[in-house]
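Source file protein_12.csv; content: CSV, C-alpha atoms.
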chain,number,residue,atom,x,y,z
H,1,MET,CA,-37.1,53.8,57.1
H,2,GLY,CA,-34.1,56.0,56.7
H,3,ASP,CA,-32.2,54.0,59.4
H,4,VAL,CA,-32.8,50.7,57.5
H,5,ILE,CA,-31.6,52.2,54.2
H,6,SER,CA,-28.5,53.6,55.9
H,7,LEU,CA,-27.7,50.1,57.4
H,8,LEU,CA,-27.8,48.5,54.0
H,9,ASP,CA,-25.8,51.3,52.4
H,10,ARG,CA,-23.2,51.3,55.1
H,11,VAL,CA,-19.7,50.6,53.8
H,12,VAL,CA,-18.4,47.6,55.8
H,13,TYR,CA,-15.8,45.6,53.8
H,14,ASN,CA,-13.6,45.5,50.8
H,15,MET,CA,-13.8,42.7,48.3
H,16,SER,CA,-11.1,40.5,49.7
H,17,GLN,CA,-12.8,40.7,53.2
H,18,ALA,CA,-16.1,39.7,51.6
H,19,ASP,CA,-14.4,36.7,50.0
H,20,ARG,CA,-12.9,35.6,53.4
H,21,LEU,CA,-16.1,36.1,55.4
H,22,LEU,CA,-18.2,34.2,52.8
H,23,ASP,CA,-15.5,31.5,52.4
H,24,LEU,CA,-15.2,32.2,48.7
H,25,SER,CA,-12.2,31.8,46.4
H,26,ALA,CA,-10.3,35.0,45.8
H,27,GLY,CA,-12.1,37.4,43.4
H,28,THR,CA,-15.5,35.7,43.6
H,29,ALA,CA,-17.2,38.4,45.6
H,30,GLY,CA,-15.8,41.0,43.3
H,31,ARG,CA,-17.2,39.2,40.2
H,32,TRP,CA,-20.7,38.9,41.8
H,33,ILE,CA,-20.8,42.4,43.2
H,34,ASP,CA,-19.1,44.5,40.5
H,35,GLY,CA,-19.0,42.2,37.4
H,36,TYR,CA,-15.8,41.3,35.5
H,37,SER,CA,-14.3,41.1,32.0
H,38,ARG,CA,-12.7,38.1,30.3
H,39,ARG,CA,-11.5,37.6,26.8
H,40,ASP,CA,-12.8,41.0,25.7
H,41,ARG,CA,-16.3,40.2,27.1
H,42,HIS,CA,-17.8,42.0,30.0
H,43,TYR,CA,-20.1,40.2,32.4
H,44,GLU,CA,-22.5,42.5,34.3
H,45,PRO,CA,-22.7,42.2,38.1
H,46,LEU,CA,-25.3,40.2,40.0
H,47,VAL,CA,-25.5,42.6,42.9
H,48,ARG,CA,-24.9,46.1,41.6
H,49,ALA,CA,-27.0,47.6,38.9
H,50,GLY,CA,-23.8,48.2,36.9
H,51,THR,CA,-20.1,48.0,37.2
H,52,THR,CA,-18.5,50.8,39.3
H,53,GLY,CA,-14.9,49.7,39.7
H,54,SER,CA,-15.2,50.3,43.5
H,55,ASP,CA,-13.6,47.8,45.9
H,56,ILE,CA,-15.8,48.8,48.8
H,57,VAL,CA,-18.7,46.6,49.8
H,58,THR,CA,-21.8,47.8,51.6
H,59,TRP,CA,-23.7,45.7,54.1
H,60,GLY,CA,-26.5,45.2,51.6
H,61,GLU,CA,-24.1,44.0,48.9
H,62,PHE,CA,-22.6,41.6,51.4
H,63,VAL,CA,-26.0,40.2,52.4
H,64,GLU,CA,-26.9,39.6,48.7
H,65,ALA,CA,-23.6,37.9,48.1
H,66,ARG,CA,-24.3,35.7,51.1
H,67,LEU,CA,-27.5,34.4,49.6
H,68,ILE,CA,-26.0,34.0,46.2
H,69,SER,CA,-23.2,31.9,47.8
H,70,GLU,CA,-25.9,29.3,48.8
H,71,TYR,CA,-26.6,28.6,45.1
H,72,ARG,CA,-23.0,28.7,44.0
H,73,ARG,CA,-22.1,26.0,46.5
H,74,GLN,CA,-24.5,23.7,44.6
H,75,GLY,CA,-22.3,24.2,41.5
H,76,VAL,CA,-24.8,26.2,39.4
H,77,SER,CA,-24.0,29.2,37.2
H,78,VAL,CA,-25.3,32.0,39.4
H,79,PHE,CA,-24.9,34.6,36.7
H,80,ARG,CA,-28.0,33.3,35.2
H,81,MET,CA,-29.8,34.8,38.1
H,82,ARG,CA,-29.2,38.3,36.9
H,83,PRO,CA,-32.4,39.0,35.0
H,84,ALA,CA,-34.5,37.8,37.9
H,85,ILE,CA,-32.5,39.9,40.4
H,86,MET,CA,-32.8,43.0,38.2
H,87,ALA,CA,-36.6,42.4,37.9
H,88,LEU,CA,-36.9,42.0,41.7
H,89,ARG,CA,-35.0,45.2,42.2
H,90,GLU,CA,-37.5,47.1,40.1
H,91,LEU,CA,-40.6,45.3,41.5
H,92,PHE,CA,-39.7,45.8,45.1
H,93,GLN,CA,-38.2,49.3,44.5
H,94,THR,CA,-35.0,48.5,46.4
H,95,PRO,CA,-31.4,48.1,45.3
H,96,TYR,CA,-31.1,45.1,47.6
H,97,PRO,CA,-34.1,42.8,47.0
H,98,LEU,CA,-32.3,39.7,48.2
H,99,ALA,CA,-31.5,41.4,51.5
H,100,ALA,CA,-35.2,42.4,52.1
H,101,ALA,CA,-37.7,40.4,54.0
H,102,GLN,CA,-40.7,41.2,51.8
H,103,PRO,CA,-39.8,38.9,48.8
H,104,PHE,CA,-39.5,35.8,51.0
H,105,MET,CA,-41.3,36.3,54.4
H,106,SER,CA,-44.8,37.2,53.2
H,107,ALA,CA,-47.2,35.1,51.1
H,108,GLU,CA,-47.7,38.1,48.8
H,109,GLY,CA,-44.0,38.6,48.4
H,110,ARG,CA,-43.4,35.0,47.5
H,111,GLU,CA,-46.2,35.2,44.9
H,112,LEU,CA,-44.5,38.1,43.3
H,113,VAL,CA,-41.1,36.3,43.3
H,114,LEU,CA,-42.7,33.3,41.7
H,115,SER,CA,-44.1,35.5,38.9
H,116,VAL,CA,-40.7,37.1,38.3
H,117,GLN,CA,-39.1,33.6,38.1
H,118,GLU,CA,-41.5,32.5,35.5
H,119,ASP,CA,-41.3,35.8,33.5
H,120,THR,CA,-37.5,35.6,33.4
H,121,ASN,CA,-37.3,31.9,32.8
H,122,LEU,CA,-35.1,31.3,35.9
H,123,GLN,CA,-33.8,27.8,35.7
H,124,PRO,CA,-35.1,25.4,38.4
H,125,SER,CA,-31.7,25.0,40.2
H,126,LEU,CA,-31.7,28.8,40.8
H,127,ARG,CA,-35.3,29.3,41.9
H,128,LEU,CA,-35.8,31.5,45.0
H,129,VAL,CA,-39.3,30.1,45.8
H,130,VAL,CA,-41.0,26.8,45.0
H,131,ARG,CA,-44.7,25.9,44.7
H,132,THR,CA,-46.0,22.8,46.4
H,133,GLY,CA,-49.6,22.4,45.6
H,134,GLN,CA,-51.2,25.7,46.7
H,135,ILE,CA,-48.3,26.7,49.0
H,136,ILE,CA,-45.3,28.8,47.9
H,137,THR,CA,-42.3,28.4,50.1
H,138,PRO,CA,-38.7,29.7,50.0
H,139,SER,CA,-36.2,27.4,48.2
H,140,ILE,CA,-33.8,25.3,50.3
H,141,GLU,CA,-31.1,27.8,49.6
H,142,VAL,CA,-33.2,30.7,50.8
H,143,GLN,CA,-34.2,28.7,53.9
H,144,ARG,CA,-30.5,28.1,54.8
H,145,PHE,CA,-29.8,31.8,54.3
H,146,GLN,CA,-32.8,32.7,56.5
H,147,GLN,CA,-31.7,30.3,59.2
H,148,ALA,CA,-28.4,32.1,59.5
H,149,ALA,CA,-29.9,35.6,59.2
H,150,ASP,CA,-31.4,37.8,61.9
H,151,TYR,CA,-33.8,40.4,60.5
H,152,ASP,CA,-33.7,44.0,61.7
H,153,GLY,CA,-37.2,45.1,60.7
H,154,ASP,CA,-37.5,44.5,57.0
H,155,THR,CA,-33.8,43.7,56.3
H,156,VAL,CA,-31.1,41.4,57.4
H,157,GLY,CA,-29.3,43.0,60.4
H,158,ARG,CA,-26.7,40.3,61.1
H,159,PHE,CA,-25.7,36.7,60.4
H,160,ARG,CA,-25.2,34.0,63.0
H,161,MET,CA,-22.1,31.8,62.1
H,162,ALA,CA,-22.6,29.5,65.0
H,163,ARG,CA,-24.6,29.6,68.2
H,164,ASN,CA,-22.2,32.0,69.9
H,165,VAL,CA,-20.7,33.8,66.9
H,166,VAL,CA,-22.2,36.5,64.7
H,167,ILE,CA,-21.3,38.9,61.9
H,168,ASP,CA,-22.9,42.3,62.7
H,169,PRO,CA,-22.1,45.5,60.8
H,170,GLU,CA,-22.7,47.4,64.1
H,171,TYR,CA,-19.8,45.6,65.9
H,172,ALA,CA,-16.1,45.3,65.2
H,173,SER,CA,-16.4,46.6,61.7
H,174,GLY,CA,-18.4,43.6,60.7
H,175,GLU,CA,-15.8,41.1,61.7
H,176,PRO,CA,-17.0,37.9,63.6
H,177,THR,CA,-17.7,38.5,67.3
H,178,ILE,CA,-19.1,36.6,70.2
H,179,ALA,CA,-22.9,37.2,70.2
H,180,GLY,CA,-23.9,40.1,72.4
H,181,ARG,CA,-20.3,41.1,72.9
H,182,ARG,CA,-17.7,43.3,71.1
H,183,LEU,CA,-15.2,40.5,71.5
H,184,ARG,CA,-13.7,39.5,68.2
H,185,VAL,CA,-13.3,35.8,67.3
H,186,ALA,CA,-9.8,36.7,66.2
H,187,THR,CA,-8.8,37.8,69.7
H,188,ILE,CA,-9.9,34.5,71.2
H,189,VAL,CA,-8.1,32.5,68.5
H,190,GLU,CA,-4.9,34.5,69.0
H,191,ALA,CA,-4.9,33.8,72.7
H,192,LEU,CA,-5.3,30.1,72.1
H,193,ALA,CA,-2.5,30.2,69.5
H,194,ALA,CA,-0.3,31.8,72.1
H,195,GLY,CA,-0.7,28.8,74.3
H,196,GLU,CA,-3.6,29.7,76.6
H,197,GLN,CA,-5.9,26.8,77.5
H,198,PRO,CA,-9.6,27.1,76.4
H,199,GLU,CA,-10.9,27.2,80.0
H,200,VAL,CA,-8.5,30.0,80.8
H,201,VAL,CA,-9.6,31.9,77.8
H,202,ALA,CA,-13.3,31.4,78.7
H,203,LYS,CA,-12.6,32.7,82.2
H,204,MET,CA,-10.5,35.6,80.9
H,205,TRP,CA,-13.3,37.1,78.9
H,206,ASP,CA,-16.2,35.7,81.0
H,207,ILE,CA,-17.6,33.6,78.1
H,208,THR,CA,-18.7,30.0,78.1
H,209,PRO,CA,-16.4,27.1,76.9
H,210,GLU,CA,-18.9,26.5,74.1
H,211,ALA,CA,-18.3,30.1,72.9
H,212,VAL,CA,-14.6,29.4,72.8
H,213,HIS,CA,-15.3,26.3,70.8
H,214,ASP,CA,-17.5,28.1,68.4
H,215,ALA,CA,-14.9,30.8,67.9
H,216,VAL,CA,-12.4,28.1,66.9
H,217,ARG,CA,-14.9,26.6,64.5
H,218,CYS,CA,-15.4,30.0,62.8
H,219,SER,CA,-11.7,31.0,62.9
H,220,ASN,CA,-11.2,30.3,59.2
H,221,VAL,CA,-12.9,33.7,58.5
H,222,ALA,CA,-11.7,35.5,61.6

Would it be possible to restate this file's structure as structure tokens?
Amino acid sequence: MGDVISLLDRVVYNMSQADRLLDLSAGTAGRWIDGYSRRDRHYEPLVRAGTTGSDIVTWGEFVEARLISEYRRQGVSVFRMRPAIMALRELFQTPYPLAAAQPFMSAEGRELVLSVQEDTNLQPSLRLVVRTGQIITPSIEVQRFQQAADYDGDTVGRFRMARNVVIDPEYASGEPTIAGRRLRVATIVEALAAGEQPEVVAKMWDITPEAVHDAVRCSNVA
């Protein structure tokens, strides 16, 4: 259990890196993770229990921001999620409930999440699980998040950006790399920008042409 906690607590990024890797506008990750103030009003963070002023981002905080981004892309006000997230943190006894498998992967966990949604009056557009008849399933946003996530035991261990590109805190300081390799996407893109042909780049690093293509597709965050 200690190894899992240490992974989620591991410092991996700063706020601007988190914005880039999550394809967010500047400052968005900071507002979600550490809160913000505007016109003499302070808005508490979604991810942290309270504002700390720290610019560093742990892997657990990044994972939670990744799930929140699925909702933000639908144009909803994600800060209305805070009461539910705080309640989930207390219920599951973890600082990173959105990064844990238990709330979404087990039937019992989904039942508990549904109860929290109802108790905190979470609006329908922000729901984490949905009931269809007698079955409770993850929301579309959570399903998209899970499709990109690879779980390491009970928590998210890495994200797959494309078939051949991953974000893994164990490799390249969490920067995008070719799956199963320590080869950074940025390195491939730099070689292409210098004039190398894709087939030459593939041969140079013993990767497939598809991997080169995926690296280019993901290069906006590399």

**Message:** Which residues are close to Pro169 of chain H, i.e. within 12 Å by only C-alpha atoms, leaving aside same-chain residues fewer than 4 positions away? Reply as a PyMOL selection string.
**Reply:** chain H and resi 6-13+57-60+62-63+152+156-159+173-177+182

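Among the candidates H:Ile178, H:Ala186, H:Ala100, H:Val47, the residue lying nearest to Pro209 of chain H is H:Ile178 (atoms considered: all atoms listed in the file).
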
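As for atom CA of Ala211 of chain H and atom CA of Asn164 of chain H, they are spaced 5.3 Å apart.
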
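Across the structure, atom CA of Leu98 of chain H and atom CA of Ala65 of chain H are spaced 8.9 Å apart.
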
Could you check the closest approach to Asn121 of chain H for each of H:Arg82, H:Gln143, H:Ala99, H:Gly153 and tell me which residue wins, using only C-alpha atoms?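 Smallest distance to Asn121 of chain H is found for H:Arg82.
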
List the residues sitting within 12 Å of (-42.8, 35.6, 38.3) in the file's frame, using only C-alpha atoms, as a PDB file with C-alpha atoms, in the frame of the given file.
ATOM      1  CA  PRO H  83     -32.400  39.000  35.000  1.00  0.00           C
ATOM      2  CA  ALA H  84     -34.500  37.800  37.900  1.00  0.00           C
ATOM      3  CA  ILE H  85     -32.500  39.900  40.400  1.00  0.00           C
ATOM      4  CA  ALA H  87     -36.600  42.400  37.900  1.00  0.00           C
ATOM      5  CA  LEU H  88     -36.900  42.000  41.700  1.00  0.00           C
ATOM      6  CA  LEU H  91     -40.600  45.300  41.500  1.00  0.00           C
ATOM      7  CA  PRO H 103     -39.800  38.900  48.800  1.00  0.00           C
ATOM      8  CA  GLU H 108     -47.700  38.100  48.800  1.00  0.00           C
ATOM      9  CA  GLY H 109     -44.000  38.600  48.400  1.00  0.00           C
ATOM     10  CA  ARG H 110     -43.400  35.000  47.500  1.00  0.00           C
ATOM     11  CA  GLU H 111     -46.200  35.200  44.900  1.00  0.00           C
ATOM     12  CA  LEU H 112     -44.500  38.100  43.300  1.00  0.00           C
ATOM     13  CA  VAL H 113     -41.100  36.300  43.300  1.00  0.00           C
ATOM     14  CA  LEU H 114     -42.700  33.300  41.700  1.00  0.00           C
ATOM     15  CA  SER H 115     -44.100  35.500  38.900  1.00  0.00           C
ATOM     16  CA  VAL H 116     -40.700  37.100  38.300  1.00  0.00           C
ATOM     17  CA  GLN H 117     -39.100  33.600  38.100  1.00  0.00           C
ATOM     18  CA  GLU H 118     -41.500  32.500  35.500  1.00  0.00           C
ATOM     19  CA  ASP H 119     -41.300  35.800  33.500  1.00  0.00           C
ATOM     20  CA  THR H 120     -37.500  35.600  33.400  1.00  0.00           C
ATOM     21  CA  ASN H 121     -37.300  31.900  32.800  1.00  0.00           C
ATOM     22  CA  LEU H 122     -35.100  31.300  35.900  1.00  0.00           C
ATOM     23  CA  ARG H 127     -35.300  29.300  41.900  1.00  0.00           C
ATOM     24  CA  LEU H 128     -35.800  31.500  45.000  1.00  0.00           C
ATOM     25  CA  VAL H 129     -39.300  30.100  45.800  1.00  0.00           C
ATOM     26  CA  VAL H 130     -41.000  26.800  45.000  1.00  0.00           C
ATOM     27  CA  ARG H 131     -44.700  25.900  44.700  1.00  0.00           C
TER      28      ARG H 131
END

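Among the candidates H:Asp214, H:Gln147, H:Arg163, H:Asp55, the one nearest to Ala202 of chain H when counting only C-alpha atoms is H:Asp214.
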
_Nearby residues (only C-alpha atoms) at most 9 Å from Tyr71 of chain H, same-chain spacing under 5 positions excluded, as a list in words_ =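 Answer for this query is Val76, Ser77, Val78, Ser125, Leu126, Glu141 and Val142 of chain H.
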
Computed gap from atom CA of Gly27 of chain H to atom CA of Thr52 of chain H is 15.4 Å

Identify which of the residues H:Ile167, H:Ala149, H:Ile56, H:Ala194 lies closest to Arg181 of chain H, counting all atoms listed in the file when measuring atom-to-atom distances.
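The answer is H:Ile167, which sits nearest to Arg181 of chain H.
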